[in-house]
file structure-v7.cif (mmCIF, C-alpha atoms and all ligand atoms)
data_final
#
loop_
_atom_site.label_atom_id
_atom_site.label_comp_id
_atom_site.auth_asym_id
_atom_site.auth_seq_id
_atom_site.Cartn_x
_atom_site.Cartn_y
_atom_site.Cartn_z
CA MET A 1 0.00 0.00 0.00
CA LYS A 2 1.25 3.47 -0.89
CA ASP A 3 2.12 5.86 1.92
CA SER A 4 -0.43 8.40 0.65
CA THR A 5 -3.19 5.78 0.73
CA VAL A 6 -2.26 4.79 4.26
CA HIS A 7 -2.30 8.42 5.29
CA GLU A 8 -5.71 8.98 3.67
CA LEU A 9 -7.12 5.88 5.36
CA PHE A 10 -5.82 6.85 8.80
CA ASP A 11 -7.13 10.35 8.28
CA LEU A 12 -10.57 9.03 7.45
CA LEU A 13 -10.56 6.74 10.48
CA ASN A 14 -9.30 9.55 12.72
CA VAL A 15 -6.43 7.41 13.94
CA PHE A 16 -2.75 7.95 14.54
CA VAL A 17 -0.82 4.69 14.18
CA LEU A 18 2.72 3.89 15.32
CA LYS A 19 4.62 0.71 14.72
CA ARG A 20 6.44 -0.78 17.68
CA SER A 21 9.83 -2.22 17.01
CA ASP A 22 11.28 -5.16 18.90
CA ASN A 23 13.46 -2.92 21.06
CA GLY A 24 10.30 -1.13 22.34
CA THR A 25 10.64 2.10 20.33
CA PHE A 26 7.88 3.47 18.07
CA GLN A 27 7.78 4.70 14.48
CA PRO A 28 4.80 6.75 13.14
CA LEU A 29 3.04 5.24 10.11
CA GLY A 30 2.25 8.11 7.77
CA SER A 31 2.38 11.68 8.98
CA ILE A 32 1.12 12.80 12.38
CA PRO A 33 -2.52 13.93 12.02
CA GLU A 34 -3.38 17.56 12.68
CA TRP A 35 -5.79 16.86 15.53
CA PHE A 36 -3.08 14.92 17.28
CA LEU A 37 -0.55 17.71 16.95
CA HIS A 38 -3.18 20.09 18.16
CA LEU A 39 -3.39 18.11 21.37
CA PHE A 40 0.24 17.06 21.68
CA PRO A 41 2.42 19.62 19.83
CA GLU A 42 5.49 18.17 21.49
CA ALA A 43 5.04 15.02 19.37
CA LEU A 44 6.56 17.05 16.50
CA GLU A 45 9.88 17.32 18.29
CA PRO A 46 12.09 14.78 16.49
CA ASP A 47 13.17 12.93 19.60
CA ARG A 48 9.74 12.88 21.14
CA SER A 49 7.55 11.90 18.15
CA CYS A 50 8.16 8.31 19.08
CA ALA A 51 7.71 8.55 22.81
CA PRO A 52 3.99 8.05 23.57
CA GLU A 53 4.73 7.78 27.29
CA GLU A 54 5.75 11.45 27.24
CA TRP A 55 2.61 12.77 25.57
CA SER A 56 0.13 12.19 28.37
CA PRO A 57 0.04 10.52 31.80
CA PHE A 58 -2.92 8.45 30.61
CA LEU A 59 -0.92 7.06 27.70
CA GLU A 60 2.06 6.43 29.93
CA ASN A 61 -0.18 4.37 32.15
CA PHE A 62 -1.77 2.47 29.28
CA LEU A 63 1.62 1.58 27.87
CA PHE A 64 2.22 -0.72 30.85
CA ASP A 65 -0.79 -2.80 29.85
CA ALA A 66 0.06 -2.49 26.17
CA ASN A 67 3.62 -3.78 26.68
CA GLU A 68 2.33 -6.69 28.67
CA PHE A 69 -0.07 -7.48 25.85
CA TRP A 70 2.57 -7.20 23.10
CA ASN A 71 4.97 -9.38 25.09
CA LYS A 72 2.46 -12.21 25.08
CA ASN A 73 2.74 -12.17 21.30
CA LYS A 74 -0.87 -13.18 20.93
CA LYS A 75 -2.77 -11.85 17.92
CA GLY A 76 -5.48 -9.33 18.81
CA ARG A 77 -6.14 -5.89 20.18
CA THR A 78 -6.50 -4.38 23.63
CA PHE A 79 -8.12 -1.04 24.35
CA SER A 80 -7.45 1.67 26.90
CA GLY A 81 -11.08 2.75 27.13
CA PRO A 82 -12.01 6.33 26.21
CA TRP A 83 -10.49 9.29 27.99
CA ILE A 84 -10.62 13.03 27.58
CA GLU A 85 -7.74 15.40 26.73
CA LYS A 86 -7.99 19.18 26.59
CA ASP A 87 -6.18 21.28 24.01
CA SER A 88 -4.53 24.62 24.88
CA ALA A 89 -7.85 26.41 24.24
CA GLY A 90 -9.61 24.15 26.75
CA ARG A 91 -11.58 22.21 24.11
CA GLU A 92 -12.23 18.61 25.03
CA PHE A 93 -11.34 15.67 22.80
CA SER A 94 -12.32 12.12 23.57
CA LEU A 95 -9.64 9.62 22.63
CA GLU A 96 -9.04 5.93 22.86
CA ALA A 97 -5.75 4.12 22.56
CA SER A 98 -5.21 0.50 21.63
CA ALA A 99 -2.39 -1.96 21.28
CA VAL A 100 -2.57 -4.25 18.25
CA CYS A 101 -0.64 -7.43 17.77
CA LEU A 102 -0.50 -8.95 14.28
CA LYS A 103 1.61 -11.70 12.80
CA ASP A 104 3.86 -9.16 11.11
CA GLY A 105 4.02 -6.45 13.69
CA LYS A 106 2.88 -4.65 16.77
CA PHE A 107 1.11 -1.31 16.58
CA PHE A 108 0.09 1.48 18.87
CA VAL A 109 -3.10 3.31 17.82
CA VAL A 110 -4.61 6.53 19.14
CA GLU A 111 -8.13 7.17 17.89
CA ASN A 112 -9.97 10.49 17.99
CA LEU A 113 -13.44 9.49 19.11
CA SER A 114 -14.75 13.01 19.26
CA LYS A 115 -16.93 12.92 16.17
CA ALA A 116 -18.36 9.46 16.66
CA TYR A 117 -18.59 10.08 20.39
CA GLU A 118 -20.50 13.33 19.94
CA VAL A 119 -23.00 11.66 17.61
CA GLN A 120 -23.36 8.75 20.01
CA LEU A 121 -23.84 11.08 22.95
CA LYS A 122 -26.48 13.01 21.05
CA LEU A 123 -28.26 9.80 20.06
CA LEU A 124 -28.16 8.58 23.64
CA GLN A 125 -29.52 11.91 24.87
CA VAL A 126 -32.31 11.90 22.26
CA GLY A 127 -33.16 8.30 23.18
CA ARG A 128 -33.23 9.20 26.87
CA ASP A 129 -35.36 12.31 26.22
CA ASN A 130 -37.76 10.30 24.07
CA SER A 131 -38.30 7.51 26.55
CA LEU A 132 -38.78 10.02 29.34
CA TYR A 133 -41.21 11.97 27.17
CA ASN A 134 -43.09 8.79 26.24
CA GLU A 135 -43.34 7.77 29.88
CA LEU A 136 -44.72 11.19 30.81
CA LEU A 137 -47.10 11.07 27.88
CA GLU A 138 -48.34 7.59 28.79
CA GLU A 139 -48.84 8.65 32.39
CA GLU A 140 -50.77 11.73 31.25
CA VAL A 141 -52.93 9.62 28.90
CA ARG A 142 -53.60 7.15 31.72
CA LYS A 143 -54.64 9.99 34.05
CA ARG A 144 -56.81 11.64 31.41
CA THR A 145 -58.49 8.36 30.47
CA ALA A 146 -59.29 7.65 34.12
CA GLN A 147 -60.70 11.18 34.51
CA ILE A 148 -62.83 10.84 31.38
CA GLN A 149 -64.11 7.46 32.53
CA ASP A 150 -65.04 8.82 35.95
CA ARG A 151 -66.78 11.76 34.32
CA GLU A 152 -68.65 9.54 31.84
CA GLU A 153 -69.72 7.23 34.63
CA GLU A 154 -70.96 10.10 36.76
CA VAL A 155 -72.89 11.71 33.87
CA ALA A 156 -74.41 8.34 32.98
CA LEU A 157 -75.48 7.59 36.54
CA ARG A 158 -76.95 11.07 37.01
CA LEU A 159 -78.84 10.75 33.74
CA VAL A 160 -80.12 7.37 34.79
CA SER A 161 -81.16 8.69 38.19
CA ALA A 162 -83.48 11.14 36.40
CA ALA A 163 -85.43 8.16 35.08
CA GLU A 164 -85.12 6.40 38.40
CA PHE A 165 -87.10 9.13 40.21
CA ARG A 166 -90.15 8.09 38.27
CA ASP A 167 -89.77 4.38 38.55
CA ASP A 168 -89.78 1.88 41.36
CA GLU A 169 -86.52 0.36 40.15
CA THR A 170 -83.96 1.35 42.73
CA GLY A 171 -80.67 3.10 42.17
CA ALA A 172 -79.04 0.03 43.64
CA HIS A 173 -80.42 -2.14 40.78
CA ILE A 174 -79.02 0.28 38.26
CA ARG A 175 -75.57 0.19 39.81
CA ARG A 176 -75.58 -3.58 40.23
CA MET A 177 -76.32 -3.88 36.50
CA GLY A 178 -72.94 -2.36 35.65
CA ALA A 179 -71.13 -4.74 37.98
CA TYR A 180 -72.85 -7.95 36.75
CA SER A 181 -72.29 -6.98 33.13
CA ALA A 182 -68.61 -6.29 33.80
CA VAL A 183 -68.24 -9.77 35.35
CA LEU A 184 -69.71 -11.44 32.25
CA ALA A 185 -67.70 -9.22 29.89
CA LYS A 186 -64.49 -10.16 31.71
CA LYS A 187 -65.29 -13.87 31.39
CA LEU A 188 -65.99 -13.28 27.70
CA GLY A 189 -62.41 -12.04 27.42
CA TRP A 190 -63.20 -8.41 26.60
CA SER A 191 -60.49 -5.76 26.84
CA SER A 192 -60.38 -3.67 30.00
CA GLY A 193 -61.63 -0.67 27.97
CA GLU A 194 -64.68 -2.58 26.79
CA ILE A 195 -65.33 -3.91 30.30
CA ASP A 196 -65.31 -0.31 31.57
CA ASN A 197 -67.66 0.67 28.75
CA ILE A 198 -70.27 -1.93 29.64
CA ARG A 199 -69.92 -1.14 33.34
CA ILE A 200 -70.98 2.43 32.53
CA ALA A 201 -73.42 1.63 29.71
CA ALA A 202 -75.44 -1.19 31.33
CA PRO A 203 -77.06 1.07 33.96
CA MET A 204 -78.66 3.00 31.08
CA HIS A 205 -80.66 0.00 29.85
CA ASP A 206 -84.02 1.38 31.02
CA ILE A 207 -83.33 5.05 30.40
CA GLY A 208 -86.19 5.14 27.87
CA LYS A 209 -88.65 4.72 30.75
CA ILE A 210 -88.33 8.46 31.18
CA GLY A 211 -90.67 8.74 28.15
CA ILE A 212 -93.39 6.42 29.52
CA PRO A 213 -96.43 8.14 31.03
CA ASP A 214 -96.91 7.91 34.79
CA SER A 215 -100.28 6.20 34.32
CA VAL A 216 -98.47 3.20 32.85
CA LEU A 217 -95.05 3.38 34.48
CA LEU A 218 -96.38 3.80 38.02
CA LYS A 219 -99.52 1.71 37.73
CA PRO A 220 -99.80 -0.73 40.59
CA GLY A 221 -100.80 -4.21 39.55
CA ARG A 222 -101.01 -5.83 36.13
CA LEU A 223 -100.85 -3.83 32.91
CA THR A 224 -103.46 -4.28 30.20
CA ASP A 225 -102.20 -5.40 26.77
CA GLU A 226 -102.38 -1.81 25.51
CA GLU A 227 -100.53 -0.52 28.54
CA TYR A 228 -97.91 -3.24 28.11
CA ASP A 229 -97.41 -2.12 24.50
CA VAL A 230 -96.83 1.42 25.75
CA MET A 231 -94.41 0.13 28.38
CA LYS A 232 -92.45 -1.80 25.74
CA GLN A 233 -91.78 1.46 23.96
CA HIS A 234 -89.11 2.27 26.58
CA ALA A 235 -86.63 0.23 24.54
CA GLU A 236 -87.07 2.29 21.39
CA ILE A 237 -87.23 5.57 23.30
CA GLY A 238 -83.93 4.70 25.02
CA GLY A 239 -82.48 3.72 21.63
CA LYS A 240 -83.44 7.11 20.19
CA MET A 241 -82.05 8.98 23.20
CA LEU A 242 -78.66 7.34 22.75
CA ALA A 243 -78.50 7.09 18.93
CA GLY A 244 -75.89 8.62 16.65
CA SER A 245 -73.04 9.05 19.13
CA LYS A 246 -69.38 9.02 18.15
CA THR A 247 -68.49 7.55 21.53
CA ARG A 248 -67.99 3.81 21.76
CA MET A 249 -69.50 3.68 25.26
CA ILE A 250 -72.67 5.58 24.24
CA ASN A 251 -73.02 3.39 21.14
CA MET A 252 -72.89 0.38 23.42
CA ALA A 253 -75.46 2.02 25.72
CA HIS A 254 -77.64 2.57 22.64
CA ASP A 255 -77.51 -1.13 21.70
CA ILE A 256 -78.23 -2.12 25.28
CA ALA A 257 -81.19 0.26 25.71
CA LEU A 258 -82.70 -0.74 22.36
CA TYR A 259 -82.13 -4.49 22.45
CA HIS A 260 -82.08 -5.62 26.09
CA HIS A 261 -85.59 -7.13 25.73
CA GLU A 262 -84.75 -9.12 22.61
CA LYS A 263 -84.74 -12.89 23.13
CA TRP A 264 -82.40 -15.57 21.73
CA ASP A 265 -85.29 -17.34 19.96
CA GLY A 266 -86.40 -14.11 18.25
CA SER A 267 -89.55 -13.67 20.34
CA GLY A 268 -88.43 -10.49 22.10
CA TYR A 269 -89.04 -6.81 21.34
CA PRO A 270 -88.79 -4.27 19.73
CA SER A 271 -87.26 -5.93 16.62
CA GLY A 272 -87.61 -9.68 17.23
CA LEU A 273 -83.91 -10.17 16.47
CA PRO A 274 -82.77 -13.79 16.90
CA GLY A 275 -79.52 -15.27 18.26
CA ASP A 276 -76.31 -13.43 17.64
CA GLU A 277 -78.08 -10.76 15.60
CA ILE A 278 -78.75 -9.29 19.02
CA PRO A 279 -75.68 -7.24 20.00
CA LEU A 280 -73.63 -9.15 22.57
CA SER A 281 -73.70 -6.23 25.02
CA ALA A 282 -77.52 -6.39 25.05
CA ARG A 283 -77.47 -10.18 25.52
CA VAL A 284 -75.14 -9.73 28.49
CA VAL A 285 -77.38 -7.09 30.07
CA ALA A 286 -80.51 -9.24 29.52
CA VAL A 287 -79.01 -12.01 31.68
CA ALA A 288 -77.97 -9.55 34.40
CA ASP A 289 -81.31 -7.70 34.35
CA VAL A 290 -83.51 -10.76 34.70
CA TYR A 291 -81.29 -12.36 37.36
CA ASP A 292 -81.33 -9.18 39.45
CA ALA A 293 -85.09 -8.69 39.05
CA LEU A 294 -85.77 -12.29 40.13
CA VAL A 295 -83.61 -12.32 43.27
CA HIS A 296 -84.89 -8.99 44.56
CA LYS A 297 -88.28 -7.85 45.76
CA ARG A 298 -90.31 -5.73 43.35
CA VAL A 299 -93.67 -4.06 44.02
CA TYR A 300 -95.36 -6.73 41.98
CA LYS A 301 -93.46 -9.76 43.42
CA PRO A 302 -91.50 -11.07 46.38
CA PRO A 303 -87.83 -12.05 45.97
CA LEU A 304 -87.26 -15.56 44.61
CA SER A 305 -84.82 -17.98 46.19
CA GLU A 306 -81.60 -18.74 44.38
CA VAL A 307 -82.84 -22.23 43.54
CA GLU A 308 -86.02 -20.83 41.94
CA THR A 309 -84.03 -18.12 40.14
CA LEU A 310 -81.50 -20.56 38.72
CA GLY A 311 -84.34 -22.90 37.73
CA ILE A 312 -85.91 -20.13 35.64
CA MET A 313 -82.60 -18.97 34.13
CA LYS A 314 -81.66 -22.53 33.12
CA LYS A 315 -85.13 -23.30 31.75
CA THR A 316 -85.06 -20.29 29.48
CA LYS A 317 -81.50 -20.90 28.28
CA GLY A 318 -81.64 -20.98 24.50
CA HIS A 319 -85.14 -19.43 24.47
CA HIS A 320 -84.75 -16.15 26.26
CA PHE A 321 -80.99 -16.11 26.78
CA ASP A 322 -77.82 -16.77 24.84
CA PRO A 323 -76.96 -20.33 26.03
CA ASN A 324 -73.24 -19.56 26.19
CA LEU A 325 -73.91 -16.58 28.45
CA ILE A 326 -76.02 -18.71 30.80
CA ASP A 327 -73.09 -21.11 31.13
CA ILE A 328 -70.77 -18.20 31.88
CA PHE A 329 -73.33 -16.78 34.32
CA LEU A 330 -73.58 -20.11 36.18
CA ASP A 331 -69.81 -20.15 36.32
CA SER A 332 -69.83 -16.65 37.85
CA LEU A 333 -72.53 -17.26 40.48
CA GLU A 334 -70.29 -16.43 43.39
CA ASP A 335 -69.59 -12.97 41.96
CA PHE A 336 -73.27 -12.47 41.10
CA ARG A 337 -74.25 -13.30 44.70
CA LYS A 338 -71.83 -10.71 46.08
CA ILE A 339 -73.16 -8.05 43.71
CA ALA A 340 -76.81 -8.98 44.42
CA ALA A 341 -76.17 -8.35 48.12
CA TYR A 342 -75.33 -4.70 47.42
CA ASP A 343 -78.27 -2.60 48.58
CA GLY A 344 -77.09 0.82 47.58
CA SER A 345 -75.31 1.69 50.82
CA GLY A 346 -71.57 1.55 51.08
CA LYS A 347 -69.34 0.39 48.28
CA LEU A 348 -70.39 -1.70 45.33
CA PRO A 349 -68.28 -4.85 45.30
CA ILE A 350 -65.86 -4.61 42.38
CA VAL A 351 -65.36 -8.15 41.29
FE FE B 401 -86.14 -2.67 30.24
FE FE B 402 -83.59 -3.24 34.79
#
call {"tool": "encode", "arguments": {"input": "structure-v7.cif", "output": "structure tokens"}}
result
Amino acid sequence: MKDSTVHELFDLLNVFVLKRSDNGTFQPLGSIPEWFLHLFPEALEPDRSCAPEEWSPFLENFLFDANEFWNKNKKGRTFSGPWIEKDSAGREFSLEASAVCLKDGKFFVVENLSKAYEVQLKLLQVGRDNSLYNELLEEEVRKRTAQIQDREEEVALRLVSAAEFRDDETGAHIRRMGAYSAVLAKKLGWSSGEIDNIRIAAPMHDIGKIGIPDSVLLKPGRLTDEEYDVMKQHAEIGGKMLAGSKTRMINMAHDIALYHHEKWDGSGYPSGLPGDEIPLSARVVAVADVYDALVHKRVYKPPLSEVETLGIMKKTKGHHFDPNLIDIFLDSLEDFRKIAAYDGSGKLPIV
């Protein structure tokens, strides 16, 4: 290789290379690079150009290790690790020295890491800033999401309580509905976001009752067929109240309000949808609604025992209810019992 090529290569690699002779003295390969002279002008002095131990205390120290390495005569390279030198103007340069042992010679290399080191430092800094920023952002999103969910839940429950004032269904029933539905949704493998959605949306199932006249809604005793038809309209009224939203939770509440009286065999109202044409959220709420109505006292009936309740739920599996959901419900009985015991005072059991 020509000397000029060697010089160009070393220049490009930002290295200053010296060859070590057998008697332990050094000979520069190519000319001494400018950056090196900038740091160690004394290297230009003829008798000192080949005395690395005189350039810097760090190099002097490293030469002990380097000599040990060269004396082993084993092919390879050993590094000093980066260190910093200041020039006369106080500018910092990061350098790294290494001792190289090849078959045909031993070399001493000083590399100017400054450029690569600066880029690396910047990259590291950017990476650190980004991960910190992402963490902060995630935390902020988590906080905001929790706030929005709390707000949605509160608005939903207050809205529902407006309907509740006119009905004999208690606030406790409405709140239990969210908890039962969340239990079933969890067993169905829904995401935590969707579980939260149904927890908030299920209490709105009967919101359409707000549009039913008092004479029907509050009538003690049995309804006539005409009155029952009026009563059934609460599903469509609720559907209209909640239609056309861009929010996933309100859309779910819409499906629930409109379809929670549909039955698996297609004999329900208002649309007579069969099987899985009924949105799953509404099928879930139907199971929770009937279970809760059966085990609690209503003005028109006493509470049923668990045996009677389960008898009815099982009998209507596949007729009224999605059979898969009845299986999941039976599997979740312990949770349902805990929720059913909530009477509106204290904290709703979060299962
Ligand atoms: Fe209803
Ligand atoms: Fe209900």
call {"tool": "closest_residue", "arguments": {"input": "structure-v7.cif", "among": "A:Gly189, A:Gly171, A:Gly266, A:Gly127", "to": "Tyr342 (chain A)", "atoms": "all atoms listed in the file"}}
result
A:Gly171
call {"tool": "atom_distance", "arguments": {"input": "structure-v7.cif", "atom1": "CA of Gly239 (chain A)", "atom2": "CA of Asp255 (chain A)"}}
result
6.9 Å
call {"tool": "residues_around", "arguments": {"input": "structure-v7.cif", "residues": "region 94-110 of chain A", "least_positions_apart": "6", "cutoff": "10 Å", "atoms": "all atoms listed in the file", "output": "PyMOL selection string"}}
result
chain A and resi 14-22+24+26-29+36+52+58-59+62-63+65-86+116-118
call {"tool": "residues_near_ligand", "arguments": {"input": "structure-v7.cif", "ligand": "ligand FE 402 (chain B)", "cutoff": "10 Å", "atoms": "only C-alpha atoms and all ligand atoms", "output": "list in words"}}
result
Glu169, Thr170, His173, Ile174, Arg176, Met177, Ala202, Pro203, Met204, His205, Asp206, Ile207, His260, Val285, Ala286, Ala288, Asp289, Val290, Tyr291, Asp292 and Ala293 of chain A
call {"tool": "atom_distance", "arguments": {"input": "structure-v7.cif", "atom1": "CA of Ser31 (chain A)", "atom2": "CA of Asn112 (chain A)"}}
result
15.3 Å
call {"tool": "closest_residue", "arguments": {"input": "structure-v7.cif", "among": "A:Glu262, A:Asp3, A:Asp322, A:Asp343", "to": "ligand FE 401 (chain B)", "atoms": "all atoms listed in the file"}}
result
A:Glu262
call {"tool": "closest_residue", "arguments": {"input": "structure-v7.cif", "among": "A:Pro33, A:Gly90, A:Pro270, A:Gly178", "to": "ligand FE 401 (chain B)", "atoms": "all atoms listed in the file"}}
result
A:Pro270
call {"tool": "closest_residue", "arguments": {"input": "structure-v7.cif", "among": "A:Trp264, A:Tyr300, A:Phe40, A:Tyr259", "to": "ligand FE 401 (chain B)", "atoms": "all atoms listed in the file"}}
result
A:Tyr259
call {"tool": "closest_residue", "arguments": {"input": "structure-v7.cif", "among": "A:Ile256, A:Val295, A:Leu136, A:Leu330", "to": "ligand FE 401 (chain B)", "atoms": "all atoms listed in the file"}}
result
A:Ile256
call {"tool": "closest_atom_pairs", "arguments": {"input": "structure-v7.cif", "of": "region 167-194 of chain A", "to": "region 274-284 of chain A", "cutoff": "9 Å", "atoms": "only C-alpha atoms", "output": "tab-separated table"}}
result
residue	atom	partner	partner_atom	distance
A:Tyr180	CA	A:Val284	CA	8.8
A:Ser181	CA	A:Val284	CA	6.1
A:Leu184	CA	A:Val284	CA	6.8
A:Ala185	CA	A:Val284	CA	7.6
call {"tool": "closest_residue", "arguments": {"input": "structure-v7.cif", "among": "A:Lys122, A:His261, A:Arg128, A:Arg199", "to": "Ala235 (chain A)", "atoms": "only C-alpha atoms"}}
result
A:His261
call {"tool": "atom_distance", "arguments": {"input": "structure-v7.cif", "atom1": "CA of Ile339 (chain A)", "atom2": "CA of Met313 (chain A)"}}
result
17.3 Å
call {"tool": "residues_around", "arguments": {"input": "structure-v7.cif", "residues": "Glu54 (chain A)", "least_positions_apart": "3", "cutoff": "12 Å", "atoms": "all atoms listed in the file", "output": "MDAnalysis selection string"}}
result
chainID A and resid 40:43 45 47:51 57:63
call {"tool": "axis_aligned_box", "arguments": {"input": "structure-v7.cif", "around": "region 280-296 of chain A", "padding_each_side": "6 Å", "output": "AutoDock Vina command-line options"}}
result
--center_x -79.7 --center_y -9.3 --center_z 33.6 --size_x 24.1 --size_y 18.1 --size_z 34.0
call {"tool": "residues_around", "arguments": {"input": "structure-v7.cif", "residues": "region 196-198 of chain A", "least_positions_apart": "2", "cutoff": "7 Å", "atoms": "all atoms listed in the file", "output": "compact mmCIF listing (two decimals) with C-alpha atoms, keeping the file's coordinate frame"}}
result
# COMPACT_ATOMS: atom_id res chain seq x y z
CA GLY A 178 -72.94 -2.36 35.65
CA SER A 181 -72.29 -6.98 33.13
CA ALA A 182 -68.61 -6.29 33.80
CA SER A 192 -60.38 -3.67 30.00
CA GLY A 193 -61.63 -0.67 27.97
CA GLU A 194 -64.68 -2.58 26.79
CA ILE A 200 -70.98 2.43 32.53
CA ALA A 201 -73.42 1.63 29.71
CA ALA A 202 -75.44 -1.19 31.33
CA MET A 249 -69.50 3.68 25.26
call {"tool": "build_atoms", "arguments": {"input": "structure-v7.cif", "residues": "region 218-239 of chain A", "atoms": "N, CA and C atoms", "output": "PDB file, keeping the file's coordinate frame"}}
result
ATOM      1  N   LEU A 218     -96.189   3.898  36.569  1.00  0.00           N
ATOM      2  CA  LEU A 218     -96.380   3.800  38.020  1.00  0.00           C
ATOM      3  C   LEU A 218     -97.647   3.043  38.395  1.00  0.00           C
ATOM      4  N   LYS A 219     -98.263   2.410  37.428  1.00  0.00           N
ATOM      5  CA  LYS A 219     -99.520   1.710  37.730  1.00  0.00           C
ATOM      6  C   LYS A 219     -99.272   0.499  38.633  1.00  0.00           C
ATOM      7  N   PRO A 220     -99.965   0.463  39.769  1.00  0.00           N
ATOM      8  CA  PRO A 220     -99.800  -0.730  40.590  1.00  0.00           C
ATOM      9  C   PRO A 220    -100.588  -1.887  39.956  1.00  0.00           C
ATOM     10  N   GLY A 221    -100.077  -3.061  40.075  1.00  0.00           N
ATOM     11  CA  GLY A 221    -100.800  -4.210  39.550  1.00  0.00           C
ATOM     12  C   GLY A 221    -100.509  -4.473  38.075  1.00  0.00           C
ATOM     13  N   ARG A 222    -101.267  -5.364  37.502  1.00  0.00           N
ATOM     14  CA  ARG A 222    -101.010  -5.830  36.130  1.00  0.00           C
ATOM     15  C   ARG A 222    -101.336  -4.769  35.100  1.00  0.00           C
ATOM     16  N   LEU A 223    -100.575  -4.751  34.019  1.00  0.00           N
ATOM     17  CA  LEU A 223    -100.850  -3.830  32.910  1.00  0.00           C
ATOM     18  C   LEU A 223    -101.784  -4.521  31.922  1.00  0.00           C
ATOM     19  N   THR A 224    -102.653  -3.723  31.290  1.00  0.00           N
ATOM     20  CA  THR A 224    -103.460  -4.280  30.200  1.00  0.00           C
ATOM     21  C   THR A 224    -102.544  -4.483  28.998  1.00  0.00           C
ATOM     22  N   ASP A 225    -103.033  -5.177  27.966  1.00  0.00           N
ATOM     23  CA  ASP A 225    -102.200  -5.400  26.770  1.00  0.00           C
ATOM     24  C   ASP A 225    -101.772  -4.074  26.145  1.00  0.00           C
ATOM     25  N   GLU A 226    -102.701  -3.124  26.101  1.00  0.00           N
ATOM     26  CA  GLU A 226    -102.380  -1.810  25.510  1.00  0.00           C
ATOM     27  C   GLU A 226    -101.300  -1.102  26.344  1.00  0.00           C
ATOM     28  N   GLU A 227    -101.503  -1.166  27.645  1.00  0.00           N
ATOM     29  CA  GLU A 227    -100.530  -0.520  28.540  1.00  0.00           C
ATOM     30  C   GLU A 227     -99.148  -1.202  28.406  1.00  0.00           C
ATOM     31  N   TYR A 228     -99.172  -2.502  28.245  1.00  0.00           N
ATOM     32  CA  TYR A 228     -97.910  -3.240  28.110  1.00  0.00           C
ATOM     33  C   TYR A 228     -97.197  -2.809  26.821  1.00  0.00           C
ATOM     34  N   ASP A 229     -98.020  -2.599  25.753  1.00  0.00           N
ATOM     35  CA  ASP A 229     -97.410  -2.120  24.500  1.00  0.00           C
ATOM     36  C   ASP A 229     -96.754  -0.756  24.682  1.00  0.00           C
ATOM     37  N   VAL A 230     -97.406   0.092  25.472  1.00  0.00           N
ATOM     38  CA  VAL A 230     -96.830   1.420  25.750  1.00  0.00           C
ATOM     39  C   VAL A 230     -95.512   1.243  26.538  1.00  0.00           C
ATOM     40  N   MET A 231     -95.594   0.375  27.530  1.00  0.00           N
ATOM     41  CA  MET A 231     -94.410   0.130  28.380  1.00  0.00           C
ATOM     42  C   MET A 231     -93.219  -0.361  27.547  1.00  0.00           C
ATOM     43  N   LYS A 232     -93.535  -1.250  26.578  1.00  0.00           N
ATOM     44  CA  LYS A 232     -92.450  -1.800  25.740  1.00  0.00           C
ATOM     45  C   LYS A 232     -91.718  -0.720  24.950  1.00  0.00           C
ATOM     46  N   GLN A 233     -92.416   0.401  24.749  1.00  0.00           N
ATOM     47  CA  GLN A 233     -91.780   1.460  23.960  1.00  0.00           C
ATOM     48  C   GLN A 233     -90.516   2.015  24.618  1.00  0.00           C
ATOM     49  N   HIS A 234     -90.286   1.701  25.919  1.00  0.00           N
ATOM     50  CA  HIS A 234     -89.110   2.270  26.580  1.00  0.00           C
ATOM     51  C   HIS A 234     -87.814   1.858  25.883  1.00  0.00           C
ATOM     52  N   ALA A 235     -87.853   0.685  25.224  1.00  0.00           N
ATOM     53  CA  ALA A 235     -86.630   0.230  24.540  1.00  0.00           C
ATOM     54  C   ALA A 235     -86.310   1.161  23.366  1.00  0.00           C
ATOM     55  N   GLU A 236     -87.329   1.432  22.548  1.00  0.00           N
ATOM     56  CA  GLU A 236     -87.070   2.290  21.390  1.00  0.00           C
ATOM     57  C   GLU A 236     -86.781   3.739  21.797  1.00  0.00           C
ATOM     58  N   ILE A 237     -87.482   4.193  22.841  1.00  0.00           N
ATOM     59  CA  ILE A 237     -87.230   5.570  23.300  1.00  0.00           C
ATOM     60  C   ILE A 237     -85.771   5.692  23.771  1.00  0.00           C
ATOM     61  N   GLY A 238     -85.335   4.696  24.553  1.00  0.00           N
ATOM     62  CA  GLY A 238     -83.930   4.700  25.020  1.00  0.00           C
ATOM     63  C   GLY A 238     -82.976   4.656  23.836  1.00  0.00           C
ATOM     64  N   GLY A 239     -83.313   3.827  22.831  1.00  0.00           N
ATOM     65  CA  GLY A 239     -82.480   3.720  21.630  1.00  0.00           C
ATOM     66  C   GLY A 239     -82.343   5.081  20.947  1.00  0.00           C
TER      67      GLY A 239
END
